[in-house]
>>> print(open('data-v9.cif').read())   # mmCIF, C-alpha atoms
data_protein
loop_
_atom_site.label_atom_id
_atom_site.label_comp_id
_atom_site.auth_asym_id
_atom_site.auth_seq_id
_atom_site.Cartn_x
_atom_site.Cartn_y
_atom_site.Cartn_z
CA MET A 715 -26.33 8.52 -9.23
CA SER A 716 -26.00 7.00 -12.73
CA ASP A 717 -22.46 8.32 -13.24
CA LEU A 718 -20.63 5.18 -12.15
CA LEU A 719 -17.14 3.88 -12.78
CA THR A 720 -17.15 0.38 -14.28
CA ILE A 721 -14.07 -1.82 -14.13
CA ALA A 722 -14.12 -5.46 -15.22
CA GLY A 723 -17.91 -5.50 -15.11
CA LYS A 724 -18.26 -4.12 -11.57
CA THR A 725 -19.53 -0.61 -10.85
CA TYR A 726 -18.30 1.90 -8.28
CA SER A 727 -19.69 5.22 -7.15
CA SER A 728 -16.27 6.60 -6.17
CA ARG A 729 -13.67 7.43 -8.80
CA LEU A 730 -10.89 7.66 -6.23
CA LEU A 731 -8.67 4.61 -5.80
CA ILE A 732 -6.33 4.71 -2.85
CA GLY A 733 -3.27 2.87 -1.58
CA THR A 734 -2.52 1.47 1.84
CA GLY A 735 1.22 2.09 2.20
CA LYS A 736 3.27 4.66 4.12
CA TYR A 737 0.79 5.37 6.94
CA LYS A 738 2.04 5.35 10.53
CA ASP A 739 -0.14 2.34 11.39
CA PHE A 740 -3.16 0.33 10.26
CA ASP A 741 -5.54 2.48 12.31
CA GLU A 742 -4.54 5.59 10.38
CA THR A 743 -4.77 3.61 7.14
CA ARG A 744 -8.34 2.58 7.96
CA ASP A 745 -9.40 6.08 9.00
CA ALA A 746 -7.97 7.76 5.91
CA ILE A 747 -9.50 5.25 3.53
CA GLU A 748 -12.91 5.45 5.17
CA THR A 749 -12.80 9.24 4.93
CA SER A 750 -11.73 9.16 1.27
CA GLY A 751 -14.86 7.31 0.22
CA ALA A 752 -12.74 5.07 -2.01
CA GLU A 753 -14.14 1.63 -2.81
CA ILE A 754 -11.04 0.18 -4.50
CA VAL A 755 -8.01 -0.15 -2.24
CA THR A 756 -4.57 -1.17 -3.51
CA VAL A 757 -2.28 -3.42 -1.51
CA ALA A 758 1.41 -4.02 -2.26
CA ILE A 759 1.80 -7.77 -1.91
CA ARG A 760 5.56 -7.57 -1.41
CA ARG A 761 5.27 -5.01 1.39
CA THR A 762 1.99 -5.60 3.20
CA ASN A 763 0.76 -8.62 5.14
CA ILE A 764 -2.60 -9.90 3.98
CA GLY A 765 -2.16 -13.34 5.47
CA GLN A 766 1.17 -14.54 4.15
CA ASN A 767 2.77 -13.83 7.55
CA ALA A 768 0.57 -15.41 10.19
CA ASP A 769 2.43 -13.87 13.14
CA GLU A 770 2.05 -10.25 11.95
CA PRO A 771 -0.94 -7.85 11.96
CA ASN A 772 -3.14 -8.44 8.91
CA LEU A 773 -4.25 -5.40 6.89
CA LEU A 774 -7.47 -7.21 5.98
CA ASP A 775 -8.57 -7.01 9.61
CA TYR A 776 -8.74 -3.22 9.12
CA ILE A 777 -9.60 -2.93 5.42
CA THR A 778 -12.02 -5.79 4.95
CA PRO A 779 -12.80 -7.42 1.58
CA ASP A 780 -16.52 -7.38 2.34
CA LYS A 781 -16.41 -3.57 2.35
CA TYR A 782 -13.75 -2.80 -0.27
CA THR A 783 -12.50 -4.22 -3.53
CA ILE A 784 -8.96 -5.24 -2.63
CA LEU A 785 -6.63 -4.54 -5.54
CA PRO A 786 -3.34 -6.43 -5.09
CA ASN A 787 -0.48 -4.64 -6.79
CA THR A 788 3.01 -5.67 -7.79
CA ALA A 789 4.84 -2.64 -6.39
CA GLY A 790 8.52 -3.39 -5.91
CA CYS A 791 8.72 -5.82 -8.83
CA TYR A 792 11.39 -5.22 -11.48
CA THR A 793 10.81 -8.19 -13.77
CA ALA A 794 7.80 -9.78 -15.40
CA GLU A 795 8.54 -13.00 -13.56
CA GLU A 796 8.43 -11.30 -10.15
CA ALA A 797 5.19 -9.52 -10.99
CA VAL A 798 3.43 -12.65 -12.20
CA ARG A 799 4.53 -14.53 -9.09
CA CYS A 800 3.12 -11.79 -6.85
CA CYS A 801 -0.23 -11.87 -8.60
CA LYS A 802 -0.48 -15.62 -8.24
CA LEU A 803 0.32 -15.35 -4.54
CA ALA A 804 -2.39 -12.69 -4.15
CA ARG A 805 -4.93 -14.91 -5.91
CA GLU A 806 -4.11 -17.72 -3.51
CA LEU A 807 -4.31 -15.50 -0.41
CA LEU A 808 -7.58 -13.88 -1.55
CA ASP A 809 -9.43 -17.07 -2.46
CA GLY A 810 -9.25 -16.79 -6.22
CA HIS A 811 -9.48 -13.00 -6.53
CA ASP A 812 -8.45 -12.17 -10.10
CA LEU A 813 -8.41 -8.34 -10.31
CA VAL A 814 -4.85 -7.05 -9.98
CA LYS A 815 -2.84 -3.91 -10.56
CA LEU A 816 0.28 -4.67 -12.56
CA GLU A 817 3.35 -2.50 -12.29
CA VAL A 818 6.84 -3.53 -13.35
CA LEU A 819 9.47 -0.92 -12.54
CA GLY A 820 12.58 -0.04 -14.49
CA ASP A 821 14.87 1.28 -11.76
CA GLN A 822 14.88 2.35 -8.13
CA LYS A 823 15.70 6.00 -8.81
CA THR A 824 12.73 6.92 -11.01
CA LEU A 825 10.36 3.95 -10.46
CA TYR A 826 9.49 4.48 -14.12
CA PRO A 827 7.70 1.53 -15.71
CA ASN A 828 9.68 -1.03 -17.66
CA ILE A 829 7.36 -1.34 -20.62
CA ILE A 830 8.94 -4.47 -22.12
CA HIS A 831 8.45 -6.41 -18.89
CA THR A 832 5.05 -4.80 -18.30
CA VAL A 833 3.72 -6.02 -21.65
CA GLN A 834 5.22 -9.47 -21.09
CA ALA A 835 3.66 -9.79 -17.64
CA ALA A 836 0.30 -8.43 -18.79
CA LYS A 837 0.07 -11.02 -21.55
CA GLU A 838 0.96 -13.88 -19.22
CA LEU A 839 -1.50 -12.76 -16.54
CA ILE A 840 -4.36 -12.24 -19.00
CA ASP A 841 -3.74 -15.68 -20.49
CA ASP A 842 -3.94 -17.07 -16.94
CA GLY A 843 -7.35 -15.52 -16.33
CA PHE A 844 -6.39 -12.37 -14.43
CA LYS A 845 -8.16 -9.05 -14.92
CA VAL A 846 -5.29 -6.62 -15.25
CA MET A 847 -5.25 -2.92 -14.43
CA VAL A 848 -1.87 -1.78 -15.69
CA TYR A 849 0.47 1.03 -14.64
CA THR A 850 2.30 2.44 -17.64
CA ASN A 851 3.97 5.52 -19.05
CA ASP A 852 2.03 8.21 -20.93
CA ASP A 853 2.74 6.78 -24.38
CA PRO A 854 -0.55 6.57 -26.35
CA ILE A 855 0.74 3.71 -28.53
CA VAL A 856 1.69 1.59 -25.53
CA ALA A 857 -1.62 2.38 -23.82
CA LYS A 858 -3.61 1.21 -26.86
CA GLU A 859 -1.51 -1.94 -27.15
CA LEU A 860 -2.23 -2.80 -23.51
CA GLU A 861 -5.93 -2.24 -24.06
CA ASP A 862 -5.94 -4.40 -27.18
CA MET A 863 -4.20 -7.19 -25.25
CA GLY A 864 -7.15 -7.32 -22.86
CA CYS A 865 -6.24 -5.12 -19.88
CA VAL A 866 -9.37 -3.90 -18.10
CA ALA A 867 -7.94 -0.46 -17.27
CA VAL A 868 -4.88 1.50 -18.33
CA MET A 869 -3.21 3.67 -15.69
CA PRO A 870 -0.74 6.19 -17.13
CA LEU A 871 1.48 8.08 -14.74
CA GLY A 872 0.89 11.77 -14.14
CA SER A 873 4.51 12.06 -13.03
CA LEU A 874 6.94 9.86 -11.13
CA ILE A 875 5.62 7.70 -8.28
CA GLY A 876 5.66 9.56 -4.98
CA SER A 877 6.95 12.79 -6.57
CA GLY A 878 3.86 14.94 -5.98
CA LEU A 879 4.63 16.83 -9.20
CA GLY A 880 1.11 16.54 -10.56
CA ILE A 881 0.24 15.87 -14.21
CA LEU A 882 3.27 16.96 -16.24
CA ASN A 883 2.09 15.85 -19.68
CA PRO A 884 -1.68 16.35 -19.92
CA HIS A 885 -1.55 16.35 -23.72
CA ASN A 886 -0.42 12.73 -23.90
CA ILE A 887 -3.03 11.62 -21.40
CA ARG A 888 -5.69 13.31 -23.53
CA LEU A 889 -4.37 11.40 -26.55
CA ILE A 890 -4.64 8.16 -24.58
CA MET A 891 -8.23 8.94 -23.60
CA GLU A 892 -9.23 9.77 -27.18
CA GLU A 893 -8.50 6.23 -28.33
CA ALA A 894 -9.54 4.30 -25.20
CA ASN A 895 -12.56 2.06 -24.77
CA ILE A 896 -11.66 1.11 -21.20
CA PRO A 897 -11.15 3.24 -18.07
CA ILE A 898 -8.11 5.52 -18.06
CA ILE A 899 -7.00 6.18 -14.49
CA VAL A 900 -4.18 8.57 -13.62
CA ASP A 901 -1.75 6.71 -11.40
CA ALA A 902 1.27 8.32 -9.72
CA GLY A 903 2.36 11.90 -9.21
CA VAL A 904 -0.72 13.43 -7.59
CA GLY A 905 0.45 15.65 -4.73
CA THR A 906 -2.58 17.63 -3.64
CA ALA A 907 -6.30 18.04 -4.20
CA SER A 908 -5.95 20.38 -7.17
CA ASP A 909 -3.91 17.73 -9.04
CA ALA A 910 -6.73 15.23 -8.59
CA ALA A 911 -9.33 17.78 -9.71
CA ILE A 912 -7.33 18.58 -12.85
CA ALA A 913 -7.17 14.90 -13.79
CA MET A 914 -10.92 14.59 -13.44
CA GLU A 915 -11.62 17.86 -15.30
CA MET A 916 -9.59 16.46 -18.21
CA GLY A 917 -12.01 13.54 -18.41
CA CYS A 918 -9.99 10.79 -16.77
CA ASP A 919 -12.15 8.01 -15.40
CA GLY A 920 -10.45 8.01 -12.02
CA VAL A 921 -7.34 8.74 -9.99
CA LEU A 922 -5.20 6.35 -7.97
CA LEU A 923 -3.03 7.87 -5.26
CA ASN A 924 -1.28 7.02 -2.02
CA SER A 925 1.62 9.27 -1.04
CA ALA A 926 -0.40 12.48 -1.36
CA VAL A 927 -2.59 11.32 1.52
CA ALA A 928 -0.19 9.17 3.54
CA HIS A 929 2.57 11.82 3.51
CA ALA A 930 0.30 14.77 4.28
CA ARG A 931 0.70 16.36 7.71
CA LYS A 932 -2.91 15.36 8.38
CA PRO A 933 -3.61 12.28 6.26
CA VAL A 934 -7.26 11.89 7.19
CA LEU A 935 -7.98 15.54 6.39
CA MET A 936 -6.17 15.21 3.06
CA ALA A 937 -8.24 12.12 2.30
CA SER A 938 -11.34 14.25 2.77
CA ALA A 939 -9.90 16.90 0.44
CA MET A 940 -9.16 14.29 -2.23
CA LYS A 941 -12.70 12.94 -2.09
CA LYS A 942 -14.12 16.41 -2.68
CA ALA A 943 -11.59 17.18 -5.43
CA ILE A 944 -12.48 14.03 -7.35
CA GLU A 945 -16.19 14.81 -7.10
CA ALA A 946 -15.77 18.48 -8.05
CA GLY A 947 -13.47 17.67 -10.97
CA ARG A 948 -15.87 15.06 -12.33
CA GLU A 949 -18.85 17.42 -12.06
CA SER A 950 -16.85 20.14 -13.79
CA PHE A 951 -16.00 17.77 -16.65
CA LEU A 952 -19.61 16.68 -17.05
CA ALA A 953 -20.86 20.28 -16.89
CA GLY A 954 -18.46 21.43 -19.61
CA ARG A 955 -16.26 24.45 -19.02
CA MET A 956 -16.84 27.81 -20.70
CA PRO A 957 -14.72 28.58 -23.78
CA ARG A 958 -11.40 30.31 -23.22
CA LYS A 959 -11.25 33.81 -24.72
CA ALA A 960 -8.38 36.14 -25.47
CA TYR A 961 -10.25 39.24 -24.26
CA ALA A 962 -12.71 40.25 -21.59
CA SER A 963 -16.40 39.56 -21.92
CA ALA A 964 -18.93 41.37 -19.72
CA SER A 965 -20.64 39.07 -17.25
CA SER A 966 -23.92 41.00 -17.56
CA PRO A 967 -25.81 41.75 -20.83
CA LEU A 968 -25.08 45.16 -22.37
CA ASP A 969 -28.32 45.43 -24.36
CA GLY A 970 -30.57 48.30 -23.30
CA LEU A 971 -27.92 50.28 -21.43
CA SER A 972 -28.12 54.05 -21.82
CA ARG A 973 -25.12 55.67 -23.48
#
>>> encode(input="data-v9.cif", output="structure tokens")
Amino acid sequence: MSDLLTIAGKTYSSRLLIGTGKYKDFDETRDAIETSGAEIVTVAIRRTNIGQNADEPNLLDYITPDKYTILPNTAGCYTAEEAVRCCKLARELLDGHDLVKLEVLGDQKTLYPNIIHTVQAAKELIDDGFKVMVYTNDDPIVAKELEDMGCVAVMPLGSLIGSGLGILNPHNIRLIMEEANIPIIVDAGVGTASDAAIAMEMGCDGVLLNSAVAHARKPVLMASAMKKAIEAGRESFLAGRMPRKAYASASSPLDGLSR
């Protein structure tokens, strides 16, 4: 019960963060998120109505701010200026809410982060009072720079957004974690429950995902699987795995056996 995730001074019992895009409708979105146990829910301001379009269904009628921490994100932004504008719109729509997920993309083919614009936007948002959780590449130097600027969480990609390829460079993510004093949350690339478990076994503070659940044949069932994977991976990390050995080792003591 004491193993809580703390972001920007607020604590959460779940280490799974989940997105709201790509589901067939808001009912499925609600059901999957409830099943996942996630307490932080990301919302793409440029793609999802949270009140900016009065004549359309409002996601917040299904995923309510009194139950979840709504994490506006800047998905679909390709410049620092666009990202900052989105965050300011989210703050206005959410009555001063200041926790945001920043992502500034480099191109439409890879959706890889544009680090120059990411750093620029992060600095401007932090100076304006935002608490910034930032999507970035798996460069340890960049991750430390973003932390030192004042970001409240760094979110390195496991692999490309929506690819489902899992964590392709675990070594770099370990390097990032070694130097970090804020939460490190794997963001992007998780495709199935084992990917999420691996991230947690490595010692990551959390996992953010969307496509792995929304694109599953049974999204609500996959949400359940992800919840269990996050919990099992975290417990495995805390328990500490056995050492790897080059040769076999008998599982039962050999002392006292007759020869």
>>> closest_atom_pairs(input="data-v9.cif", of="stretch 715-812 of chain A", to="stretch 828-848 of chain A", cutoff="12 Å", atoms="all atoms listed in the file", output="tab-separated table")
residue	atom	partner	partner_atom	distance
A:Ile721	CA	A:Met847	CA	8.9
A:Ala722	CA	A:Lys845	CA	7.0
A:Gly723	CA	A:Lys845	CA	10.4
A:Lys724	CA	A:Lys845	CA	11.7
A:Leu731	CA	A:Met847	CA	12.0
A:Ile754	CA	A:Met847	CA	11.9
A:Thr756	CA	A:Met847	CA	11.1
A:Leu785	CA	A:Met847	CA	9.1
A:Pro786	CA	A:Met847	CA	10.2
A:Asn787	CA	A:Met847	CA	9.2
A:Thr788	CA	A:Val848	CA	10.1
A:Ala789	CA	A:Val848	CA	11.5
A:Cys791	CA	A:His831	CA	10.1
A:Tyr792	CA	A:Asn828	CA	7.7
A:Thr793	CA	A:His831	CA	5.9
A:Ala794	CA	A:Ala835	CA	4.7
A:Glu795	CA	A:Ala835	CA	7.1
A:Glu796	CA	A:Ala835	CA	9.0
A:Ala797	CA	A:Ala835	CA	6.8
A:Val798	CA	A:Ala835	CA	6.2
A:Arg799	CA	A:Leu839	CA	9.7
A:Cys800	CA	A:Leu839	CA	10.8
A:Cys801	CA	A:Leu839	CA	8.1
A:Lys802	CA	A:Leu839	CA	8.8
A:Ala804	CA	A:Phe844	CA	11.0
A:Arg805	CA	A:Phe844	CA	9.0
A:Gly810	CA	A:Phe844	CA	9.8
A:His811	CA	A:Phe844	CA	8.5
A:Asp812	CA	A:Phe844	CA	4.8
>>> resolve_selection(input="data-v9.cif", expression="the PyMOL selection byres ((chain A and resi 940) around 8)", output="list of chain:residue names")
A:Leu730, A:Ser750, A:Thr906, A:Ala907, A:Ala910, A:Met936, A:Ala937, A:Ser938, A:Ala939, A:Lys941, A:Lys942, A:Ala943, A:Ile944
>>> atom_distance(input="data-v9.cif", atom1="atom CA of A:Arg948", atom2="atom CA of A:Gly917")
7.4 Å
>>> closest_residue(input="data-v9.cif", among="A:Asp745, A:Val927, A:Asp717, A:Arg760", to="A:Glu949", atoms="all atoms listed in the file")
A:Asp717
>>> atom_distance(input="data-v9.cif", atom1="atom CA of A:Leu773", atom2="atom CA of A:Arg931")
22.3 Å
>>> atom_distance(input="data-v9.cif", atom1="atom CA of A:Ala926", atom2="atom CA of A:Glu945")
17.0 Å
>>> axis_aligned_box(input="data-v9.cif", around="stretch 901-905 of chain A", padding_each_side="8 Å", output="JSON")
{"center_x": 0.3, "center_y": 11.2, "center_z": -8.1, "size_x": 20.1, "size_y": 24.9, "size_z": 22.7}
>>> closest_atom_pairs(input="data-v9.cif", of="stretch 719-750 of chain A", to="stretch 761-764 of chain A", cutoff="12 Å", atoms="all atoms listed in the file", output="JSON lines")
{"residue": "A:Gly733", "atom": "CA", "partner": "A:Thr762", "partner_atom": "CA", "distance": 11.1}
{"residue": "A:Thr734", "atom": "CA", "partner": "A:Thr762", "partner_atom": "CA", "distance": 8.5}
{"residue": "A:Gly735", "atom": "CA", "partner": "A:Thr762", "partner_atom": "CA", "distance": 7.8}
{"residue": "A:Lys736", "atom": "CA", "partner": "A:Arg761", "partner_atom": "CA", "distance": 10.2}
{"residue": "A:Tyr737", "atom": "CA", "partner": "A:Thr762", "partner_atom": "CA", "distance": 11.7}
{"residue": "A:Asp739", "atom": "CA", "partner": "A:Thr762", "partner_atom": "CA", "distance": 11.6}
{"residue": "A:Phe740", "atom": "CA", "partner": "A:Thr762", "partner_atom": "CA", "distance": 10.6}
>>> resolve_selection(input="data-v9.cif", expression="the PyMOL selection byres ((chain A and resi 853) around 10)", output="MDAnalysis selection string")
chainID A and resid 850:852 854:858 870:871 886:887 889:890
>>> residues_around(input="data-v9.cif", residues="A:Asn895", least_positions_apart="6", cutoff="10 Å", atoms="all atoms listed in the file", output="ChimeraX atom specification")
/A:858,861-862,866-867
>>> resolve_selection(input="data-v9.cif", expression="the PyMOL selection byres ((chain A and resi 915) around 8)", output="list in words")
Ala911, Ile912, Ala913, Met914, Met916, Gly917, Cys918, Gly947, Arg948, Glu949, Ser950 and Phe951 of chain A
>>> write_last_selection(input="data-v9.cif", atoms="C-alpha atoms", output="JSON list (two decimals), in the coordinates of the input")
[["chain", "number", "residue", "atom", "x", "y", "z"],
["A", 911, "ALA", "CA", -9.33, 17.78, -9.71],
["A", 912, "ILE", "CA", -7.33, 18.58, -12.85],
["A", 913, "ALA", "CA", -7.17, 14.90, -13.79],
["A", 914, "MET", "CA", -10.92, 14.59, -13.44],
["A", 916, "MET", "CA", -9.59, 16.46, -18.21],
["A", 917, "GLY", "CA", -12.01, 13.54, -18.41],
["A", 918, "CYS", "CA", -9.99, 10.79, -16.77],
["A", 947, "GLY", "CA", -13.47, 17.67, -10.97],
["A", 948, "ARG", "CA", -15.87, 15.06, -12.33],
["A", 949, "GLU", "CA", -18.85, 17.42, -12.06],
["A", 950, "SER", "CA", -16.85, 20.14, -13.79],
["A", 951, "PHE", "CA", -16.00, 17.77, -16.65]]
>>> build_atoms(input="data-v9.cif", residues="stretch 732-767 of chain A", atoms="N, CA and C atoms", output="PDB file, keeping the file's coordinate frame")
ATOM      1  N   ILE A 732      -7.312   4.257  -3.828  1.00  0.00           N
ATOM      2  CA  ILE A 732      -6.330   4.710  -2.850  1.00  0.00           C
ATOM      3  C   ILE A 732      -5.470   3.555  -2.360  1.00  0.00           C
ATOM      4  N   GLY A 733      -4.213   3.880  -2.054  1.00  0.00           N
ATOM      5  CA  GLY A 733      -3.270   2.870  -1.580  1.00  0.00           C
ATOM      6  C   GLY A 733      -3.252   2.762  -0.067  1.00  0.00           C
ATOM      7  N   THR A 734      -2.535   1.770   0.409  1.00  0.00           N
ATOM      8  CA  THR A 734      -2.520   1.470   1.840  1.00  0.00           C
ATOM      9  C   THR A 734      -1.129   1.595   2.460  1.00  0.00           C
ATOM     10  N   GLY A 735      -0.138   2.015   1.690  1.00  0.00           N
ATOM     11  CA  GLY A 735       1.220   2.090   2.200  1.00  0.00           C
ATOM     12  C   GLY A 735       1.560   3.430   2.826  1.00  0.00           C
ATOM     13  N   LYS A 736       2.625   3.445   3.623  1.00  0.00           N
ATOM     14  CA  LYS A 736       3.270   4.660   4.120  1.00  0.00           C
ATOM     15  C   LYS A 736       2.552   5.355   5.277  1.00  0.00           C
ATOM     16  N   TYR A 737       1.449   4.802   5.769  1.00  0.00           N
ATOM     17  CA  TYR A 737       0.790   5.370   6.940  1.00  0.00           C
ATOM     18  C   TYR A 737       1.535   4.951   8.198  1.00  0.00           C
ATOM     19  N   LYS A 738       1.301   5.659   9.295  1.00  0.00           N
ATOM     20  CA  LYS A 738       2.040   5.350  10.530  1.00  0.00           C
ATOM     21  C   LYS A 738       1.597   4.014  11.131  1.00  0.00           C
ATOM     22  N   ASP A 739       0.337   3.628  10.899  1.00  0.00           N
ATOM     23  CA  ASP A 739      -0.140   2.340  11.390  1.00  0.00           C
ATOM     24  C   ASP A 739      -1.441   1.989  10.672  1.00  0.00           C
ATOM     25  N   PHE A 740      -1.950   0.789  10.932  1.00  0.00           N
ATOM     26  CA  PHE A 740      -3.160   0.330  10.260  1.00  0.00           C
ATOM     27  C   PHE A 740      -4.398   1.125  10.686  1.00  0.00           C
ATOM     28  N   ASP A 741      -4.402   1.665  11.874  1.00  0.00           N
ATOM     29  CA  ASP A 741      -5.540   2.480  12.310  1.00  0.00           C
ATOM     30  C   ASP A 741      -5.652   3.739  11.456  1.00  0.00           C
ATOM     31  N   GLU A 742      -4.524   4.390  11.226  1.00  0.00           N
ATOM     32  CA  GLU A 742      -4.540   5.590  10.380  1.00  0.00           C
ATOM     33  C   GLU A 742      -4.909   5.223   8.942  1.00  0.00           C
ATOM     34  N   THR A 743      -4.410   4.089   8.475  1.00  0.00           N
ATOM     35  CA  THR A 743      -4.770   3.610   7.140  1.00  0.00           C
ATOM     36  C   THR A 743      -6.280   3.472   7.021  1.00  0.00           C
ATOM     37  N   ARG A 744      -6.888   2.791   7.975  1.00  0.00           N
ATOM     38  CA  ARG A 744      -8.340   2.580   7.960  1.00  0.00           C
ATOM     39  C   ARG A 744      -9.094   3.906   7.982  1.00  0.00           C
ATOM     40  N   ASP A 745      -8.687   4.811   8.855  1.00  0.00           N
ATOM     41  CA  ASP A 745      -9.400   6.080   9.000  1.00  0.00           C
ATOM     42  C   ASP A 745      -9.313   6.926   7.736  1.00  0.00           C
ATOM     43  N   ALA A 746      -8.136   6.969   7.127  1.00  0.00           N
ATOM     44  CA  ALA A 746      -7.970   7.760   5.910  1.00  0.00           C
ATOM     45  C   ALA A 746      -8.792   7.181   4.760  1.00  0.00           C
ATOM     46  N   ILE A 747      -8.771   5.866   4.628  1.00  0.00           N
ATOM     47  CA  ILE A 747      -9.500   5.250   3.530  1.00  0.00           C
ATOM     48  C   ILE A 747     -11.002   5.400   3.709  1.00  0.00           C
ATOM     49  N   GLU A 748     -11.480   5.236   4.918  1.00  0.00           N
ATOM     50  CA  GLU A 748     -12.910   5.450   5.170  1.00  0.00           C
ATOM     51  C   GLU A 748     -13.310   6.879   4.811  1.00  0.00           C
ATOM     52  N   THR A 749     -12.485   7.843   5.192  1.00  0.00           N
ATOM     53  CA  THR A 749     -12.800   9.240   4.930  1.00  0.00           C
ATOM     54  C   THR A 749     -12.761   9.555   3.438  1.00  0.00           C
ATOM     55  N   SER A 750     -11.876   8.897   2.704  1.00  0.00           N
ATOM     56  CA  SER A 750     -11.730   9.160   1.270  1.00  0.00           C
ATOM     57  C   SER A 750     -12.946   8.753   0.455  1.00  0.00           C
ATOM     58  N   GLY A 751     -13.724   7.826   0.972  1.00  0.00           N
ATOM     59  CA  GLY A 751     -14.860   7.310   0.220  1.00  0.00           C
ATOM     60  C   GLY A 751     -14.474   6.321  -0.863  1.00  0.00           C
ATOM     61  N   ALA A 752     -13.196   6.000  -0.974  1.00  0.00           N
ATOM     62  CA  ALA A 752     -12.740   5.070  -2.010  1.00  0.00           C
ATOM     63  C   ALA A 752     -13.347   3.682  -1.784  1.00  0.00           C
ATOM     64  N   GLU A 753     -13.608   2.990  -2.879  1.00  0.00           N
ATOM     65  CA  GLU A 753     -14.140   1.630  -2.810  1.00  0.00           C
ATOM     66  C   GLU A 753     -13.133   0.603  -3.306  1.00  0.00           C
ATOM     67  N   ILE A 754     -12.110   1.053  -4.027  1.00  0.00           N
ATOM     68  CA  ILE A 754     -11.040   0.180  -4.500  1.00  0.00           C
ATOM     69  C   ILE A 754      -9.766   0.558  -3.752  1.00  0.00           C
ATOM     70  N   VAL A 755      -9.155  -0.401  -3.102  1.00  0.00           N
ATOM     71  CA  VAL A 755      -8.010  -0.150  -2.240  1.00  0.00           C
ATOM     72  C   VAL A 755      -6.845  -1.031  -2.699  1.00  0.00           C
ATOM     73  N   THR A 756      -5.722  -0.395  -3.029  1.00  0.00           N
ATOM     74  CA  THR A 756      -4.570  -1.170  -3.510  1.00  0.00           C
ATOM     75  C   THR A 756      -3.690  -1.628  -2.352  1.00  0.00           C
ATOM     76  N   VAL A 757      -3.128  -2.814  -2.534  1.00  0.00           N
ATOM     77  CA  VAL A 757      -2.280  -3.420  -1.510  1.00  0.00           C
ATOM     78  C   VAL A 757      -1.026  -3.973  -2.180  1.00  0.00           C
ATOM     79  N   ALA A 758       0.135  -3.527  -1.728  1.00  0.00           N
ATOM     80  CA  ALA A 758       1.410  -4.020  -2.260  1.00  0.00           C
ATOM     81  C   ALA A 758       1.718  -5.374  -1.636  1.00  0.00           C
ATOM     82  N   ILE A 759       1.645  -6.409  -2.426  1.00  0.00           N
ATOM     83  CA  ILE A 759       1.800  -7.770  -1.910  1.00  0.00           C
ATOM     84  C   ILE A 759       3.189  -8.001  -1.328  1.00  0.00           C
ATOM     85  N   ARG A 760       4.193  -7.347  -1.885  1.00  0.00           N
ATOM     86  CA  ARG A 760       5.560  -7.570  -1.410  1.00  0.00           C
ATOM     87  C   ARG A 760       5.867  -6.804  -0.129  1.00  0.00           C
ATOM     88  N   ARG A 761       4.968  -5.876   0.255  1.00  0.00           N
ATOM     89  CA  ARG A 761       5.270  -5.010   1.390  1.00  0.00           C
ATOM     90  C   ARG A 761       4.230  -5.053   2.501  1.00  0.00           C
ATOM     91  N   THR A 762       3.089  -5.640   2.237  1.00  0.00           N
ATOM     92  CA  THR A 762       1.990  -5.600   3.200  1.00  0.00           C
ATOM     93  C   THR A 762       1.495  -7.008   3.494  1.00  0.00           C
ATOM     94  N   ASN A 763       1.250  -7.305   4.752  1.00  0.00           N
ATOM     95  CA  ASN A 763       0.760  -8.620   5.140  1.00  0.00           C
ATOM     96  C   ASN A 763      -0.744  -8.715   4.973  1.00  0.00           C
ATOM     97  N   ILE A 764      -1.167  -9.618   4.101  1.00  0.00           N
ATOM     98  CA  ILE A 764      -2.600  -9.900   3.980  1.00  0.00           C
ATOM     99  C   ILE A 764      -2.874 -11.375   4.259  1.00  0.00           C
ATOM    100  N   GLY A 765      -1.989 -11.951   5.075  1.00  0.00           N
ATOM    101  CA  GLY A 765      -2.160 -13.340   5.470  1.00  0.00           C
ATOM    102  C   GLY A 765      -0.970 -14.220   5.212  1.00  0.00           C
ATOM    103  N   GLN A 766      -0.005 -13.720   4.441  1.00  0.00           N
ATOM    104  CA  GLN A 766       1.170 -14.540   4.150  1.00  0.00           C
ATOM    105  C   GLN A 766       2.079 -14.697   5.357  1.00  0.00           C
ATOM    106  N   ASN A 767       1.984 -13.761   6.321  1.00  0.00           N
ATOM    107  CA  ASN A 767       2.770 -13.830   7.550  1.00  0.00           C
ATOM    108  C   ASN A 767       1.814 -13.947   8.744  1.00  0.00           C
TER     109      ASN A 767
END
